[in-house]
Each structure stands twice: as structure tokens, then as C-alpha cells.
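query-v2.tsv, holding TSV, C-alpha atoms and all ligand atoms:
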chain	number	residue	atom	x	y	z
S	1	MET	CA	-49.25	24.78	-70.62
S	2	ASN	CA	-50.09	25.65	-67.01
S	3	ASP	CA	-53.65	26.45	-65.94
S	4	ILE	CA	-53.34	30.21	-66.13
S	5	ALA	CA	-51.74	30.19	-69.57
S	6	HIS	CA	-54.44	27.77	-70.71
S	7	ASN	CA	-57.24	29.90	-69.22
S	8	LEU	CA	-55.83	33.05	-70.78
S	9	ALA	CA	-55.75	31.40	-74.19
S	10	GLN	CA	-59.37	30.32	-73.77
S	11	VAL	CA	-60.52	33.78	-72.70
S	12	ARG	CA	-58.67	35.36	-75.62
S	13	ASP	CA	-60.38	32.89	-77.96
S	14	LYS	CA	-63.78	33.79	-76.53
S	15	ILE	CA	-63.08	37.49	-77.03
S	16	SER	CA	-62.00	36.90	-80.65
S	17	ALA	CA	-65.08	34.79	-81.34
S	18	ALA	CA	-67.39	37.40	-79.82
S	19	ALA	CA	-65.72	40.17	-81.83
S	20	THR	CA	-65.85	38.19	-85.06
S	21	ARG	CA	-69.55	37.39	-84.58
S	22	CYS	CA	-70.41	41.08	-84.60
S	23	GLY	CA	-67.99	42.09	-87.34
S	24	ARG	CA	-65.36	43.68	-85.13
S	25	ALA	CA	-61.61	43.03	-85.17
S	26	SER	CA	-60.45	41.19	-82.05
S	27	GLU	CA	-57.67	43.78	-81.60
S	28	GLU	CA	-60.37	46.35	-80.81
S	29	VAL	CA	-61.04	44.60	-77.51
S	30	THR	CA	-58.38	44.62	-74.79
S	31	LEU	CA	-58.40	41.95	-72.10
S	32	LEU	CA	-57.80	43.26	-68.60
S	33	ALA	CA	-56.78	40.38	-66.32
S	34	VAL	CA	-58.31	41.07	-62.90
S	35	SER	CA	-55.78	39.78	-60.37
S	36	LYS	CA	-57.29	41.04	-57.10
S	37	THR	CA	-56.62	38.70	-54.15
S	38	LYS	CA	-54.25	36.62	-56.32
S	39	PRO	CA	-50.59	36.21	-55.41
S	40	ALA	CA	-47.70	37.62	-57.42
S	41	SER	CA	-46.87	34.07	-58.53
S	42	ALA	CA	-50.21	33.87	-60.40
S	43	ILE	CA	-49.54	37.19	-62.09
S	44	ALA	CA	-46.05	35.98	-63.00
S	45	GLU	CA	-47.62	33.01	-64.80
S	46	ALA	CA	-49.85	35.35	-66.80
S	47	ILE	CA	-46.83	37.51	-67.65
S	48	ALA	CA	-44.95	34.43	-68.82
S	49	ALA	CA	-47.94	33.70	-71.07
S	50	GLY	CA	-47.52	37.13	-72.65
S	51	HIS	CA	-50.08	39.13	-70.69
S	52	ARG	CA	-49.30	42.72	-69.63
S	53	ALA	CA	-52.49	44.49	-68.41
S	54	PHE	CA	-53.72	43.79	-64.87
S	55	GLY	CA	-56.63	45.13	-62.83
S	56	GLU	CA	-56.58	45.50	-59.05
S	57	ASN	CA	-59.41	46.53	-56.68
S	58	TYR	CA	-57.62	47.14	-53.40
S	59	VAL	CA	-55.14	50.00	-53.22
S	60	GLN	CA	-52.48	48.64	-50.88
S	61	GLU	CA	-52.56	45.15	-52.37
S	62	GLY	CA	-52.22	46.61	-55.85
S	63	VAL	CA	-49.34	48.88	-54.84
S	64	ASP	CA	-47.49	45.96	-53.23
S	65	LYS	CA	-47.73	43.98	-56.48
S	66	ILE	CA	-46.72	46.95	-58.64
S	67	ARG	CA	-43.62	47.48	-56.46
S	68	TYR	CA	-42.79	43.79	-56.51
S	69	PHE	CA	-42.82	43.58	-60.29
S	70	GLN	CA	-40.90	46.86	-60.64
S	71	GLU	CA	-38.20	45.43	-58.38
S	72	THR	CA	-38.05	42.25	-60.43
S	73	GLY	CA	-37.48	44.31	-63.58
S	74	ASN	CA	-40.91	44.00	-65.21
S	75	SER	CA	-41.36	47.57	-66.36
S	76	SER	CA	-43.64	46.87	-69.32
S	77	LEU	CA	-46.71	46.03	-67.27
S	78	GLN	CA	-49.86	48.14	-67.19
S	79	TRP	CA	-51.72	48.47	-63.90
S	80	HIS	CA	-55.39	49.48	-63.74
S	81	PHE	CA	-57.13	50.46	-60.54
S	82	ILE	CA	-60.73	49.22	-60.82
S	83	GLY	CA	-62.02	49.32	-57.22
S	84	PRO	CA	-63.96	51.99	-55.34
S	85	LEU	CA	-61.59	54.83	-54.49
S	86	GLN	CA	-61.72	56.77	-51.22
S	87	SER	CA	-60.09	60.19	-51.07
S	88	ASN	CA	-57.58	59.14	-48.44
S	89	LYS	CA	-56.20	56.45	-50.79
S	90	SER	CA	-55.97	58.58	-53.92
S	91	ARG	CA	-52.28	59.42	-53.46
S	92	LEU	CA	-51.22	55.78	-53.67
S	93	VAL	CA	-53.24	55.35	-56.86
S	94	ALA	CA	-51.80	58.55	-58.35
S	95	GLU	CA	-48.25	57.49	-57.52
S	96	HIS	CA	-48.39	53.91	-58.77
S	97	PHE	CA	-51.16	53.03	-61.22
S	98	ASP	CA	-51.31	53.70	-64.97
S	99	TRP	CA	-55.11	53.84	-65.09
S	100	CYS	CA	-58.01	54.53	-62.75
S	101	HIS	CA	-61.41	53.23	-63.95
S	102	THR	CA	-63.50	54.53	-61.07
S	103	VAL	CA	-63.46	58.32	-61.16
S	104	ASP	CA	-66.98	59.38	-60.18
S	105	ARG	CA	-66.59	62.78	-58.56
S	106	LEU	CA	-64.59	65.93	-59.05
S	107	ARG	CA	-62.92	65.66	-55.65
S	108	ILE	CA	-61.23	62.38	-56.61
S	109	ALA	CA	-60.20	63.73	-60.02
S	110	THR	CA	-58.73	66.88	-58.49
S	111	ARG	CA	-56.76	64.89	-55.93
S	112	LEU	CA	-55.37	62.50	-58.56
S	113	ASN	CA	-54.35	65.54	-60.62
S	114	GLU	CA	-52.54	67.17	-57.69
S	115	GLN	CA	-50.91	63.95	-56.54
S	116	ARG	CA	-49.76	62.53	-59.89
S	117	PRO	CA	-45.94	62.74	-59.88
S	118	LEU	CA	-44.48	64.95	-62.61
S	119	ASP	CA	-42.06	62.27	-63.79
S	120	MET	CA	-44.93	59.92	-64.68
S	121	HIS	CA	-47.24	60.16	-67.69
S	122	PRO	CA	-50.63	61.70	-66.88
S	123	ILE	CA	-52.82	59.03	-65.31
S	124	ASN	CA	-55.41	57.55	-67.68
S	125	VAL	CA	-58.89	57.85	-66.22
S	126	LEU	CA	-62.33	56.49	-66.96
S	127	ILE	CA	-65.49	57.99	-65.54
S	128	GLN	CA	-67.59	55.34	-63.84
S	129	ILE	CA	-71.28	55.33	-64.76
S	130	ASN	CA	-73.94	53.82	-62.52
S	131	ILE	CA	-75.85	52.43	-65.50
S	132	SER	CA	-78.32	50.02	-63.95
S	133	ASP	CA	-77.82	49.51	-60.26
S	134	GLU	CA	-79.49	52.37	-58.42
S	135	ASN	CA	-78.47	50.91	-55.07
S	136	SER	CA	-74.77	51.07	-55.78
S	137	LYS	CA	-72.98	54.11	-54.43
S	138	SER	CA	-70.33	54.00	-57.14
S	139	GLY	CA	-70.67	55.85	-60.41
S	140	ILE	CA	-72.60	58.86	-61.67
S	141	ALA	CA	-75.81	59.02	-63.67
S	142	LEU	CA	-75.48	59.60	-67.41
S	143	THR	CA	-77.17	62.97	-66.91
S	144	GLU	CA	-74.17	64.08	-64.83
S	145	LEU	CA	-71.57	62.93	-67.33
S	146	GLU	CA	-71.21	66.05	-69.43
S	147	ALA	CA	-70.44	68.25	-66.43
S	148	LEU	CA	-67.89	65.89	-64.86
S	149	ALA	CA	-66.22	65.08	-68.19
S	150	SER	CA	-65.61	68.73	-68.99
S	151	GLN	CA	-64.04	69.27	-65.56
S	152	VAL	CA	-61.86	66.14	-65.81
S	153	ALA	CA	-60.72	67.09	-69.31
S	154	GLU	CA	-59.30	70.35	-67.91
S	155	LEU	CA	-56.95	68.59	-65.48
S	156	PRO	CA	-53.45	68.38	-66.99
S	157	ARG	CA	-52.18	65.38	-64.99
S	158	LEU	CA	-55.19	63.28	-66.05
S	159	THR	CA	-55.99	61.92	-69.51
S	160	LEU	CA	-59.68	61.28	-70.00
S	161	ARG	CA	-59.82	57.95	-71.85
S	162	GLY	CA	-63.50	57.04	-71.57
S	163	LEU	CA	-66.13	55.29	-69.50
S	164	MET	CA	-66.50	52.29	-67.23
S	165	ALA	CA	-69.55	50.52	-65.83
S	166	ILE	CA	-70.44	47.48	-63.76
S	167	PRO	CA	-74.01	46.72	-64.87
S	168	ALA	CA	-76.32	44.88	-62.49
S	169	PRO	CA	-76.50	41.17	-63.38
S	170	GLU	CA	-79.10	40.44	-66.09
S	171	SER	CA	-80.10	36.94	-67.03
S	172	SER	CA	-80.89	37.47	-70.69
S	173	TYR	CA	-78.54	38.48	-73.47
S	174	GLU	CA	-81.10	40.99	-74.77
S	175	ARG	CA	-81.21	42.86	-71.47
S	176	GLN	CA	-77.42	42.80	-71.12
S	177	PHE	CA	-77.15	44.16	-74.65
S	178	ALA	CA	-79.71	46.92	-74.02
S	179	VAL	CA	-77.77	48.18	-71.00
S	180	ALA	CA	-74.43	47.88	-72.81
S	181	GLN	CA	-75.84	49.85	-75.71
S	182	GLN	CA	-76.79	52.75	-73.43
S	183	MET	CA	-73.14	52.86	-72.38
S	184	ALA	CA	-71.98	52.64	-75.99
S	185	VAL	CA	-74.14	55.60	-77.03
S	186	ALA	CA	-72.73	57.72	-74.19
S	187	PHE	CA	-69.21	56.58	-75.08
S	188	GLU	CA	-69.58	57.56	-78.76
S	189	ALA	CA	-70.92	60.98	-77.77
S	190	LEU	CA	-68.00	61.53	-75.40
S	191	LYS	CA	-65.52	60.37	-78.04
S	192	SER	CA	-66.82	62.94	-80.50
S	193	ARG	CA	-66.14	65.72	-77.98
S	194	TYR	CA	-62.78	64.64	-76.56
S	195	PRO	CA	-60.03	63.33	-78.85
S	196	THR	CA	-58.33	61.40	-76.03
S	197	VAL	CA	-61.39	59.20	-75.46
S	198	ASP	CA	-60.96	55.68	-76.88
S	199	THR	CA	-61.89	53.24	-74.10
S	200	LEU	CA	-65.17	51.69	-72.98
S	201	SER	CA	-64.44	49.39	-70.03
S	202	LEU	CA	-67.48	47.14	-70.00
S	203	GLY	CA	-68.07	43.42	-69.79
S	204	MET	CA	-67.17	40.71	-67.29
S	205	SER	CA	-67.37	36.92	-67.52
S	206	ASP	CA	-71.17	36.73	-67.67
S	207	ASP	CA	-71.92	39.63	-70.02
S	208	MET	CA	-68.80	39.81	-72.15
S	209	GLU	CA	-70.48	38.82	-75.44
S	210	ALA	CA	-73.22	41.45	-75.13
S	211	ALA	CA	-70.70	44.13	-74.10
S	212	ILE	CA	-68.48	43.40	-77.09
S	213	ALA	CA	-71.45	43.38	-79.47
S	214	ALA	CA	-72.47	46.81	-78.16
S	215	GLY	CA	-68.97	48.26	-78.58
S	216	SER	CA	-66.88	47.59	-75.47
S	217	THR	CA	-63.15	48.06	-76.00
S	218	MET	CA	-61.98	46.54	-72.70
S	219	VAL	CA	-63.34	43.55	-70.84
S	220	ARG	CA	-62.37	42.79	-67.24
S	221	ILE	CA	-61.99	39.10	-66.46
S	222	GLY	CA	-60.74	37.57	-63.21
S	223	THR	CA	-62.06	34.18	-62.19
S	224	ALA	CA	-61.96	32.65	-65.67
S	225	ILE	CA	-58.22	33.35	-65.75
S	226	PHE	CA	-57.03	32.95	-62.17
S	227	GLY	CA	-59.70	30.72	-60.64
S	228	ALA	CA	-62.02	31.42	-57.70
S	229	ARG	CA	-60.94	34.01	-55.16
S	230	ASP	CA	-60.20	33.32	-51.50
S	231	TYR	CA	-61.05	36.31	-49.30
S	232	SER	CA	-60.21	34.69	-45.98
S	233	ASN	CA	-56.84	36.14	-45.04
S	234	ASN	CA	-56.48	39.79	-45.96
S	235	LYS	CA	-58.06	42.62	-43.99
S	236	GLU	CA	-58.18	44.92	-47.01
S	237	HIS	CA	-60.67	42.67	-48.88
S	301	LIG	C1	-63.60	41.49	-59.66
S	301	LIG	C2	-63.93	42.38	-60.78
S	301	LIG	C3	-63.94	41.90	-62.10
S	301	LIG	C4	-63.66	40.47	-62.46
S	301	LIG	O1	-64.65	39.64	-61.96
S	301	LIG	P1	-64.63	38.05	-62.23
S	301	LIG	O2	-66.00	37.64	-61.88
S	301	LIG	O3	-63.60	37.46	-61.35
S	301	LIG	O4	-64.32	37.83	-63.66
S	301	LIG	C5	-64.20	42.81	-63.10
S	301	LIG	N1	-64.45	44.13	-62.85
S	301	LIG	C6	-64.46	44.61	-61.60
S	301	LIG	C7	-64.74	46.06	-61.38
S	301	LIG	C8	-64.20	43.76	-60.54
S	301	LIG	O5	-64.23	44.26	-59.30
Translate this file's structure into C-alpha cells.
Amino acid sequence: MNDIAHNLAQVRDKISAAATRCGRASEEVTLLAVSKTKPASAIAEAIAAGHRAFGENYVQEGVDKIRYFQETGNSSLQWHFIGPLQSNKSRLVAEHFDWCHTVDRLRIATRLNEQRPLDMHPINVLIQINISDENSKSGIALTELEALASQVAELPRLTLRGLMAIPAPESSYERQFAVAQQMAVAFEALKSRYPTVDTLSLGMSDDMEAAIAAGSTMVRIGTAIFGARDYSNNKEH
């Protein structure tokens, strides 16, 4: 087994163990392999190991990879945009990605709706919540969720699938769990109002166990699969 296949197997085992510990089925938790800054060859290794869902943070880099794998005949892959999205880049996301995790204002949602090509399925979107890091510019407060969700749900070229958050780092499991649980409560409330909602994108390498215990359905893992990132030679990073 190569490194990436080996790492993927280990991460999948960790997810299963975390799910089992809290009485959940491991199939309830999807692994999103975060491939930002990594070359197509690394993604190809993950594909060979059976992986299909990839997360990218930088629009142009993600689009280049999506095109590359389309040209090489890999049509079964699922591409998730997970980076901050500026209005002037929304068209590329609308035209290429399957999911966008970082919708945090109506303007972005409206643009994605207008720009989503009619021959593609509606783009799956998550509303990003700024759950613990007041200094971050990304994400809305939970108090703003109801208003934005009802507007997003009206847009026909978008499918509202749920919520995403990047909690501020916490050293203790208890604090990670407390924050994750706030997200889980908001997610359950949203789910009861919108039948298309089924995804809570929460949990990275350091807080995956707490996120899964609280109810996350999608964890986003990069370094543990692909190794450390090198930001030295791409102006988009
Ligand atoms: C980079 C990134 C990840 C993965 O981080 P790692 O530390 O490499 O596992 C997950 N989610 C988001 C939003 C990211 O930007």
C-alpha cells in the first residue's frame, strides 16, 4: 500500500472507532479528503484507493483539478468547495463544483443560483456558521441563520443541505464537544424545517472525535491523508 492509501485507511478506521464509541454507524459520517495545494497525482492515489469526495479551498486550483479528472474520464468524483468565496469567483464555483460549504451571505447564494448551469444538478450548499471565532470574517452568527436559510431554500438552482463550521482550536475534548453540540442543535432544528437538510460539515484532524460524538455527518481531513502542505509556489494560496 502506498502512503496515501495507508493514511486513508487509518483515517477511515479512526472515524469508525469514533462513531462506534458514541453508538453511531460509521456510514453516517462521510470523509471529505481535503486536497488543497496537493497535486493531481496525490488525488489519483486516493482515487485508486477508492476515495471519491474531495475538498478544495482555492477556486482556480480546484477548477484545474476538476477539469483534469474530467478529461481523464473520472466522472464519479465529488468536488466540494470549502474555502472563503468572493463574489467575483462565484461563477467558477457554480460551473464546476458539486458542493459549496461556505455560503454566508445572500449575495453569494443569489450569484450561485444565477450562475449554476441548467444542465448540472442544483449545487449543494451549506451555510457557514461562525460558531466560536469572533475575529473570523467568514460565517454568520446562529441568530442570523433562520433568515438566510429561508432565503437560500427559495433558490431553485441551490439545494440547502445543511451547515458547516470551522471552530476555533480548543485544547480540551469537553470544550470541543460543547461547541460542536451548539452546531448540532442548530443542525437538528434546520433539518426539521427543510427536508433537504442532511449534512453537518464539522470536524478536522484535532477535533474529529468530539464533532462525531456531537453529530457531525462530514469530517474534513487533509494533512493526515496527504501529508503537510507546501505553500511556497502558488500565488493563489
Ligand atoms: C485545510 C482545511 C481542512 C483540512 O485541514 P487539515 O489540517 O489539513 O486536516 C479542513 N477544513 C477546511 C475548511 C480547511 O480549509
Exercise for review: Counting all atoms listed in the file, figure out which residue out of S:Leu158, S:Ala5, S:Leu126, S:Ile140 gets nearest to Ala49 of chain S.
Suggested key: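 Among S:Leu158, S:Ala5, S:Leu126, S:Ile140, it is S:Ala5 that comes nearest to Ala49 of chain S.
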Review point. Counting all atoms listed in the file, which of S:Met120, S:Leu148, S:Ala228, S:Val29 gets nearest to Ala17 of chain S?
Key: S:Val29
Practice item. Compile the contact shell of Glu114 of chain S as a list in words: residues with an atom at most 12 Å away, counting only C-alpha atoms, same-chain residues fewer than 6 positions apart removed. Key: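 Listed by chain and then number, they are Ser90, Arg91, Val93, Ala94, Glu95, Arg107, Ile108, Pro122, Ile123, Leu155, Pro156, Arg157 and Leu158 of chain S.
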**Study point:** Given 7 Å and all atoms listed in the file, residues near ligand LIG 301 (chain S) as a list in words
**Key:**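 Answer in the requested format: Val34, Lys36, Asn57, Ile82, Gly83, Ile166, Met204, Ser205, Arg220, Ile221, Gly222, Thr223 and Ala224 of chain S.
Distance-wise, atom CA of Thr102 of chain S and atom CA of Ala48 of chain S end up 28.4 Å apart.
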